[in-house]
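Asks: Sending over protein.txt (compact mmCIF, C-alpha atoms).
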# COMPACT_ATOMS: atom_id res chain seq x y z
CA MET A 1264 6.56 32.61 15.58
CA THR A 1265 9.68 30.55 14.99
CA HIS A 1266 9.58 27.58 12.64
CA SER A 1267 12.18 24.80 12.73
CA ALA A 1268 13.58 23.23 9.61
CA PRO A 1269 12.39 19.82 8.47
CA SER A 1270 16.09 19.01 7.97
CA ARG A 1271 16.90 19.79 11.60
CA ALA A 1272 17.42 16.15 12.53
CA GLY A 1273 18.09 15.27 16.14
CA THR A 1274 20.17 17.16 18.67
CA ARG A 1275 23.55 18.72 18.08
CA GLU A 1276 25.19 15.85 19.89
CA HIS A 1277 23.89 13.50 17.21
CA MET A 1278 24.54 15.72 14.19
CA ARG A 1279 26.21 14.15 11.21
CA LEU A 1280 27.63 15.80 8.15
CA ASP A 1281 25.58 15.47 5.02
CA PRO A 1282 27.21 12.56 3.09
CA GLU A 1283 27.91 14.63 -0.01
CA ILE A 1284 29.47 17.38 2.10
CA ALA A 1285 31.57 14.84 4.01
CA GLU A 1286 32.95 13.55 0.72
CA LEU A 1287 33.71 17.04 -0.55
CA LEU A 1288 35.07 18.50 2.68
CA PRO A 1289 38.72 17.32 2.40
CA VAL A 1290 39.01 19.04 -0.97
CA LEU A 1291 37.41 22.20 0.38
CA ASN A 1292 39.66 22.28 3.43
CA THR A 1293 42.88 21.84 1.46
CA GLY A 1294 41.85 24.02 -1.48
CA PHE A 1295 40.71 27.18 0.26
CA PRO A 1296 43.53 29.71 0.81
CA ALA A 1297 44.72 30.55 4.32
CA VAL A 1298 43.41 34.09 4.03
CA GLU A 1299 44.56 35.02 7.53
CA THR A 1300 48.17 34.91 6.24
CA MET A 1301 47.43 37.29 3.34
CA THR A 1302 46.65 40.88 2.55
CA GLY A 1303 43.16 41.68 1.37
CA ALA A 1304 44.34 42.00 -2.23
CA GLN A 1305 46.17 38.67 -2.06
CA ALA A 1306 43.14 36.90 -0.61
CA ARG A 1307 40.90 38.43 -3.27
CA ALA A 1308 43.22 37.27 -6.04
CA ALA A 1309 43.49 33.76 -4.57
CA VAL A 1310 39.74 33.35 -4.29
CA ARG A 1311 39.17 34.79 -7.74
CA ALA A 1312 41.68 32.32 -9.21
CA ARG A 1313 39.61 29.43 -7.84
CA PHE A 1314 36.39 30.67 -9.44
CA ARG A 1315 35.10 28.77 -12.45
CA ARG A 1316 32.24 30.29 -14.39
CA PRO A 1317 29.72 27.61 -15.45
CA ALA A 1318 29.81 26.79 -19.15
CA ARG A 1319 26.03 27.10 -19.28
CA PRO A 1320 24.63 29.53 -16.72
CA ARG A 1321 21.23 28.69 -15.26
CA PRO A 1322 18.64 30.14 -17.68
CA VAL A 1323 16.71 33.19 -16.52
CA GLY A 1324 14.47 35.67 -18.29
CA ALA A 1325 17.05 38.47 -18.53
CA VAL A 1326 20.15 39.85 -16.84
CA ARG A 1327 21.34 43.45 -16.91
CA ASP A 1328 24.43 45.09 -15.42
CA SER A 1329 24.15 48.75 -14.47
CA VAL A 1330 25.45 51.34 -12.01
CA THR A 1331 23.38 53.29 -9.49
CA PRO A 1332 23.67 57.09 -9.33
CA GLU A 1333 25.92 56.60 -6.27
CA GLY A 1334 28.33 54.61 -8.46
CA ILE A 1335 27.48 51.16 -7.06
CA PRO A 1336 27.55 48.40 -9.70
CA VAL A 1337 24.49 46.15 -9.61
CA ARG A 1338 23.28 43.18 -11.62
CA THR A 1339 19.54 42.76 -12.08
CA TYR A 1340 17.85 39.44 -12.86
CA TRP A 1341 14.37 38.66 -14.13
CA PRO A 1342 12.84 35.17 -13.87
CA ALA A 1343 12.49 32.76 -16.76
CA MET A 1344 8.79 32.30 -16.05
CA PRO A 1345 6.27 34.48 -17.91
CA PHE A 1346 4.85 37.24 -15.70
CA THR A 1347 2.44 40.10 -16.10
CA GLY A 1348 2.09 41.97 -12.80
CA PRO A 1349 4.79 43.48 -10.58
CA LEU A 1350 7.12 40.94 -8.92
CA PRO A 1351 8.71 40.82 -5.48
CA LEU A 1352 11.98 42.77 -5.48
CA ILE A 1353 15.02 41.22 -3.76
CA VAL A 1354 18.14 43.28 -3.07
CA PHE A 1355 20.96 40.78 -2.52
CA ALA A 1356 24.37 41.21 -0.82
CA HIS A 1357 26.96 38.53 -1.57
CA GLY A 1358 29.19 36.91 1.02
CA GLY A 1359 32.98 36.77 1.05
CA GLY A 1360 34.13 37.96 4.45
CA PHE A 1361 33.62 41.62 3.44
CA VAL A 1362 36.87 41.21 1.48
CA PHE A 1363 36.25 39.14 -1.66
CA CYS A 1364 33.60 37.62 -3.96
CA ASP A 1365 31.51 39.68 -6.36
CA LEU A 1366 28.58 39.62 -8.74
CA ASP A 1367 30.04 36.66 -10.64
CA THR A 1368 30.70 34.37 -7.66
CA HIS A 1369 27.05 34.63 -6.59
CA ASP A 1370 25.53 34.75 -10.05
CA ASP A 1371 24.18 31.18 -9.87
CA LEU A 1372 22.57 31.73 -6.47
CA CYS A 1373 20.89 34.91 -7.72
CA ARG A 1374 19.67 33.07 -10.82
CA SER A 1375 18.09 30.47 -8.54
CA LEU A 1376 16.46 33.17 -6.43
CA THR A 1377 14.92 35.00 -9.37
CA ASN A 1378 13.46 31.80 -10.80
CA ASP A 1379 12.45 30.07 -7.55
CA VAL A 1380 10.85 33.12 -5.94
CA GLY A 1381 9.61 34.59 -9.19
CA ALA A 1382 11.20 37.91 -8.26
CA VAL A 1383 13.36 40.66 -9.65
CA VAL A 1384 16.77 40.26 -7.97
CA VAL A 1385 19.23 43.16 -7.69
CA SER A 1386 22.69 41.91 -6.71
CA VAL A 1387 24.91 44.60 -5.19
CA ASP A 1388 28.66 44.90 -5.88
CA TYR A 1389 29.40 46.85 -2.69
CA ARG A 1390 32.87 48.17 -1.91
CA LEU A 1391 35.20 45.72 -0.20
CA ALA A 1392 37.51 45.81 2.82
CA PRO A 1393 40.21 46.55 3.75
CA GLU A 1394 40.31 49.31 1.15
CA SER A 1395 36.79 50.34 2.17
CA ARG A 1396 36.18 49.63 5.84
CA TRP A 1397 33.05 49.65 7.97
CA PRO A 1398 30.46 51.02 7.50
CA THR A 1399 31.05 51.47 3.75
CA ALA A 1400 29.65 48.11 2.63
CA ALA A 1401 26.52 48.48 4.73
CA GLU A 1402 25.95 52.00 3.44
CA ASP A 1403 26.37 50.77 -0.15
CA VAL A 1404 23.77 48.04 0.32
CA TYR A 1405 21.38 50.48 1.98
CA ALA A 1406 21.87 52.98 -0.87
CA ALA A 1407 21.22 50.23 -3.42
CA LEU A 1408 18.07 49.23 -1.52
CA CYS A 1409 16.78 52.81 -1.63
CA TRP A 1410 17.56 53.06 -5.34
CA ALA A 1411 15.87 49.74 -6.11
CA ALA A 1412 12.77 50.67 -4.12
CA GLU A 1413 12.53 54.05 -5.84
CA HIS A 1414 12.83 52.47 -9.30
CA ALA A 1415 10.88 49.29 -8.57
CA ARG A 1416 8.18 50.00 -11.14
CA GLU A 1417 10.79 50.44 -13.88
CA PHE A 1418 12.10 46.93 -13.08
CA GLY A 1419 8.64 45.40 -13.03
CA GLY A 1420 9.10 45.08 -9.28
CA ASP A 1421 6.73 45.67 -6.41
CA ALA A 1422 8.14 48.04 -3.78
CA ALA A 1423 5.52 46.76 -1.33
CA ARG A 1424 7.18 43.34 -1.51
CA LEU A 1425 10.76 44.50 -0.97
CA VAL A 1426 13.25 41.93 0.36
CA VAL A 1427 16.82 42.43 1.54
CA ALA A 1428 18.88 39.24 1.47
CA GLY A 1429 22.45 38.05 1.76
CA ASP A 1430 24.70 35.15 2.65
CA SER A 1431 27.51 35.13 5.22
CA ALA A 1432 29.03 38.64 5.31
CA GLY A 1433 26.21 39.62 2.98
CA GLY A 1434 23.82 38.30 5.62
CA ASN A 1435 25.37 40.79 8.02
CA LEU A 1436 24.87 43.58 5.49
CA ALA A 1437 21.27 42.54 4.87
CA ALA A 1438 20.51 42.45 8.60
CA VAL A 1439 22.20 45.82 9.15
CA THR A 1440 20.34 47.29 6.17
CA ALA A 1441 17.05 46.21 7.74
CA VAL A 1442 18.05 48.08 10.92
CA LEU A 1443 19.16 51.13 8.90
CA ALA A 1444 15.88 51.21 6.98
CA ARG A 1445 13.92 51.17 10.23
CA ASP A 1446 16.11 53.80 11.87
CA ARG A 1447 16.07 56.10 8.83
CA GLY A 1448 12.40 55.83 8.10
CA GLY A 1449 12.49 53.64 5.02
CA PRO A 1450 12.22 52.12 2.62
CA ARG A 1451 9.76 49.65 4.11
CA ILE A 1452 11.13 46.10 3.90
CA ALA A 1453 8.70 43.18 3.71
CA CYS A 1454 11.27 40.47 4.50
CA GLN A 1455 14.92 40.04 5.46
CA ALA A 1456 16.49 36.75 4.34
CA LEU A 1457 19.73 35.93 6.16
CA LEU A 1458 21.71 32.90 4.99
CA TYR A 1459 24.27 31.69 7.59
CA PRO A 1460 24.85 35.36 8.48
CA VAL A 1461 27.73 37.05 10.27
CA ILE A 1462 25.93 38.62 13.23
CA ALA A 1463 28.44 39.49 15.97
CA ALA A 1464 32.19 39.51 16.54
CA ASP A 1465 32.00 36.95 19.34
CA PHE A 1466 34.48 34.13 18.89
CA THR A 1467 33.52 32.37 22.15
CA THR A 1468 30.19 30.87 21.08
CA GLU A 1469 29.55 27.12 21.16
CA SER A 1470 29.84 26.75 17.39
CA TYR A 1471 33.06 28.79 17.26
CA ARG A 1472 34.55 26.47 19.87
CA ARG A 1473 33.32 23.25 18.26
CA PHE A 1474 33.96 24.05 14.60
CA ALA A 1475 36.98 26.35 14.72
CA THR A 1476 38.87 24.21 12.20
CA GLY A 1477 38.19 21.36 9.83
CA TYR A 1478 34.85 22.53 8.41
CA TYR A 1479 35.86 24.84 5.55
CA ASN A 1480 35.15 28.17 7.24
CA THR A 1481 37.52 28.63 10.19
CA ALA A 1482 37.62 30.76 13.31
CA ALA A 1483 40.99 32.18 12.24
CA ALA A 1484 39.57 33.28 8.90
CA MET A 1485 36.55 34.86 10.59
CA ALA A 1486 38.77 36.84 12.99
CA TRP A 1487 40.77 38.07 9.99
CA TYR A 1488 37.61 39.12 8.15
CA TRP A 1489 36.54 41.22 11.11
CA ASP A 1490 40.05 42.73 11.28
CA GLN A 1491 39.74 43.82 7.65
CA TYR A 1492 36.21 45.22 7.86
CA VAL A 1493 35.96 46.59 11.42
CA PRO A 1494 39.51 46.87 12.78
CA GLY A 1495 38.42 49.03 15.72
CA ILE A 1496 37.43 46.61 18.49
CA SER A 1497 35.05 49.09 20.09
CA ASP A 1498 33.29 49.63 16.75
CA ARG A 1499 32.35 45.96 16.59
CA THR A 1500 29.67 46.42 19.24
CA HIS A 1501 27.91 49.07 17.17
CA PRO A 1502 24.50 47.82 15.99
CA TYR A 1503 25.42 48.70 12.40
CA ALA A 1504 28.37 46.30 12.67
CA SER A 1505 26.91 43.61 14.95
CA PRO A 1506 23.12 43.67 14.51
CA LEU A 1507 22.69 41.38 17.52
CA ARG A 1508 23.52 44.53 19.53
CA ALA A 1509 20.69 46.50 17.94
CA ASP A 1510 17.23 47.18 19.27
CA LEU A 1511 15.41 44.50 17.27
CA SER A 1512 11.86 45.71 17.81
CA GLY A 1513 9.95 46.77 14.73
CA LEU A 1514 12.22 44.98 12.26
CA PRO A 1515 10.76 43.23 9.20
CA PRO A 1516 9.86 39.52 9.23
CA ALA A 1517 12.95 37.36 8.90
CA VAL A 1518 13.94 34.16 7.16
CA VAL A 1519 17.09 32.88 8.88
CA LEU A 1520 19.09 29.88 7.70
CA THR A 1521 21.98 28.40 9.69
CA ALA A 1522 24.36 25.51 9.05
CA GLY A 1523 25.11 23.01 11.81
CA PHE A 1524 28.87 22.62 11.19
CA ASP A 1525 29.59 26.33 10.88
CA PRO A 1526 31.42 28.58 13.35
CA LEU A 1527 28.60 31.08 12.70
CA CYS A 1528 25.78 28.69 13.60
CA SER A 1529 25.33 29.86 17.20
CA GLU A 1530 25.15 33.56 16.39
CA GLY A 1531 22.64 32.95 13.59
CA ASP A 1532 20.52 30.81 15.92
CA HIS A 1533 20.76 33.47 18.63
CA TYR A 1534 19.72 36.19 16.20
CA ALA A 1535 16.63 34.25 15.13
CA GLU A 1536 15.71 33.75 18.78
CA ALA A 1537 16.38 37.40 19.66
CA LEU A 1538 14.23 38.64 16.78
CA ALA A 1539 11.37 36.34 17.79
CA ALA A 1540 11.66 37.52 21.40
CA LYS A 1541 11.01 41.08 20.17
CA GLY A 1542 7.90 40.00 18.32
CA VAL A 1543 9.45 39.81 14.86
CA PRO A 1544 7.97 36.94 12.79
CA VAL A 1545 10.84 34.52 12.14
CA THR A 1546 11.19 31.46 9.96
CA HIS A 1547 14.38 29.74 11.15
CA ARG A 1548 15.80 26.67 9.47
CA ARG A 1549 18.97 25.01 10.69
CA TYR A 1550 20.54 22.56 8.26
CA CYS A 1551 22.31 20.40 10.79
CA GLY A 1552 24.49 18.48 8.33
CA ALA A 1553 25.67 21.53 6.40
CA ILE A 1554 28.79 23.68 6.42
CA HIS A 1555 29.20 27.40 5.86
CA GLY A 1556 28.69 28.47 2.26
CA PHE A 1557 26.94 25.28 1.16
CA MET A 1558 24.22 27.13 -0.75
CA THR A 1559 26.81 28.41 -3.24
CA MET A 1560 27.89 24.83 -4.00
CA PRO A 1561 25.27 23.78 -6.57
CA VAL A 1562 26.84 20.32 -6.92
CA LEU A 1563 25.30 19.49 -3.52
CA THR A 1564 21.79 18.06 -3.39
CA LEU A 1565 21.30 19.85 -0.07
CA ALA A 1566 22.11 23.19 -1.69
CA GLY A 1567 19.29 22.76 -4.18
CA GLU A 1568 16.89 21.76 -1.42
CA ALA A 1569 17.87 24.74 0.72
CA ARG A 1570 17.58 27.17 -2.19
CA ARG A 1571 14.07 25.98 -2.98
CA GLN A 1572 13.05 26.09 0.68
CA VAL A 1573 14.40 29.62 1.17
CA ALA A 1574 12.52 30.71 -1.94
CA THR A 1575 9.33 29.16 -0.57
CA ASP A 1576 9.85 30.86 2.79
CA ILE A 1577 10.49 34.29 1.22
CA THR A 1578 7.43 33.88 -1.01
CA SER A 1579 5.31 32.96 1.98
CA VAL A 1580 6.41 36.08 3.88
CA VAL A 1581 6.00 38.63 1.09
CA ASN A 1582 2.60 37.28 0.07
CA ARG A 1583 1.08 37.45 3.57
As a first step, turn the structure in this file into structure tokens.
Replies:
Amino acid sequence: MTHSAPSRAGTREHMRLDPEIAELLPVLNTGFPAVETMTGAQARAAVRARFRRPARPRPVGAVRDSVTPEGIPVRTYWPAMPFTGPLPLIVFAHGGGFVFCDLDTHDDLCRSLTNDVGAVVVSVDYRLAPESRWPTAAEDVYAALCWAAEHAREFGGDAARLVVAGDSAGGNLAAVTAVLARDRGGPRIACQALLYPVIAADFTTESYRRFATGYYNTAAAMAWYWDQYVPGISDRTHPYASPLRADLSGLPPAVVLTAGFDPLCSEGDHYAEALAAKGVPVTHRRYCGAIHGFMTMPVLTLAGEARRQVATDITSVVNR
């Protein structure tokens, strides 16, 4: 069953930017580096230079940095709320075009997830392109998922309520990890949560044509991200690179969020529809007035609303 978002107001022809986003957009457009003119290392440094750690991070119960036996750094969060029994366990892959961002850039989003879901969250610092190309990042996230599931009890987590989640490029890695887990016989995933995910290297979709420039994330940047992560054009049709190309039957229930003014909107919408067509339970919410990456902009009222709604949707799925 596919559910539409309460915030999905009107048709695309009548979409309007959220007022707070419209006010912020000129600053975002001028401030974000033209990554397509840079090397991966240059883009990473430019994005890192823009990052400002909050003076007072959102309070949670506990945070611990560690490294898996495979050498993958992870950051584990526990919620601020008191708890006694095992909690849902979310393995999270951050966005950043497969090239940049890290545990710190998505720390606030993970803090929201742990508190709002009431879950243990394991954020994965997977290896980045172009130094580590496809399928390295996906394999890292899958390895972290297996490790987290195996050690769930030690975290106070419930392996029967295992979630894989991610935003943007991390949404791709989460979706691919769900396919890998099915194909490799485990671990069993209770929910996949995909936030404006990268799903296929198709730059001809309606949203790519309509929102190629002027809405923060650009078509040129997206093409560059794919060049860094999956430079071989033929590889981009592999289901472990573009999950829209996978056999979608038997995949775990999905929570899919898309943003109306995002080049990736069409592919995210199509993925939700394709999953549902294969009998996968899907909760799909399109935030028509939003841009790519809005959930990592806590200054936006809409970001807070979307975070709480995603948490509610994940909770609803894992507690079925």
Asks: From the list A:Gly1419, A:Phe1363, A:Thr1293, A:Ala1306, which residue is nearest Pro1342 (chain A) when using all atoms listed in the file?
Replies: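 Answer, going by the shortest atom-to-atom distance: A:Gly1419.
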Asks: So, counting all atoms listed in the file, which residue among A:Cys1528, A:Leu1372, A:Ala1574, A:Cys1364 is closest to Asp1388 (chain A)?
Replies: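 Nearest candidate to Asp1388 (chain A) out of A:Cys1528, A:Leu1372, A:Ala1574, A:Cys1364: A:Cys1364.
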Asks: May I ask for the distance between CA of Arg1499 (chain A) and CA of Pro1398 (chain A), given in Å to one decimal place?
Replies: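 One can read the CA of Arg1499 (chain A) to CA of Pro1398 (chain A) distance as 10.6 Å.
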Asks: Expressed in Å to a single decimal, how great is the separation between CA of Val1326 (chain A) and CA of Asp1421 (chain A)?
Replies: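 Result for CA of Val1326 (chain A) versus CA of Asp1421 (chain A): 18.0 Å, one decimal.
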Asks: Between region 1439-1517 of chain A and region 1428-1433 of chain A, at 7 Å or less, what are the per-residue closest atom pairs and their distances in Å? Count only C-alpha atoms, order by chain and rising residue number, and return it as CSV.
Replies:
residue,atom,partner,partner_atom,distance
A:Gln1455,CA,A:Ala1428,CA,5.7
A:Ala1456,CA,A:Ala1428,CA,4.5
A:Leu1457,CA,A:Gly1429,CA,5.6
A:Leu1458,CA,A:Asp1430,CA,4.4
A:Tyr1459,CA,A:Ser1431,CA,5.3
A:Pro1460,CA,A:Ser1431,CA,4.2
A:Val1461,CA,A:Ala1432,CA,5.4
Asks: Separation of CA of Arg1374 (chain A) and CA of Tyr1340 (chain A), in Å?
Replies: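 Computing the Euclidean distance for CA of Arg1374 (chain A) and CA of Tyr1340 (chain A) yields 6.9 Å.
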Asks: With the cut-off set at 8 Å and counting all atoms listed in the file, tabulate each residue of region 1385-1454 of chain A with an atom at most that distance from an atom of region 1502-1511 of chain A, showing the nearest atom pair and its distance in Å to one decimal, ordered by chain and increasing number, as CSV.
Replies:
residue,atom,partner,partner_atom,distance
A:Trp1397,CA,A:Ala1504,CA,7.4
A:Pro1398,CA,A:Ala1504,CA,7.3
A:Ala1401,CA,A:Tyr1503,CA,7.8
A:Asn1435,CA,A:Pro1506,CA,7.4
A:Ala1438,CA,A:Pro1506,CA,6.6
A:Val1439,CA,A:Tyr1503,CA,5.4
A:Val1442,CA,A:Tyr1503,CA,7.5
A:Leu1443,CA,A:Tyr1503,CA,7.6
Asks: Any chance you could export the current selection's C-alpha atoms as a PDB file, keeping the file's coordinate frame?
Replies:
ATOM      1  CA  TRP A1397      33.050  49.650   7.970  1.00  0.00           C
ATOM      2  CA  PRO A1398      30.460  51.020   7.500  1.00  0.00           C
ATOM      3  CA  ALA A1401      26.520  48.480   4.730  1.00  0.00           C
ATOM      4  CA  ASN A1435      25.370  40.790   8.020  1.00  0.00           C
ATOM      5  CA  ALA A1438      20.510  42.450   8.600  1.00  0.00           C
ATOM      6  CA  VAL A1439      22.200  45.820   9.150  1.00  0.00           C
ATOM      7  CA  VAL A1442      18.050  48.080  10.920  1.00  0.00           C
ATOM      8  CA  LEU A1443      19.160  51.130   8.900  1.00  0.00           C
TER       9      LEU A1443
END
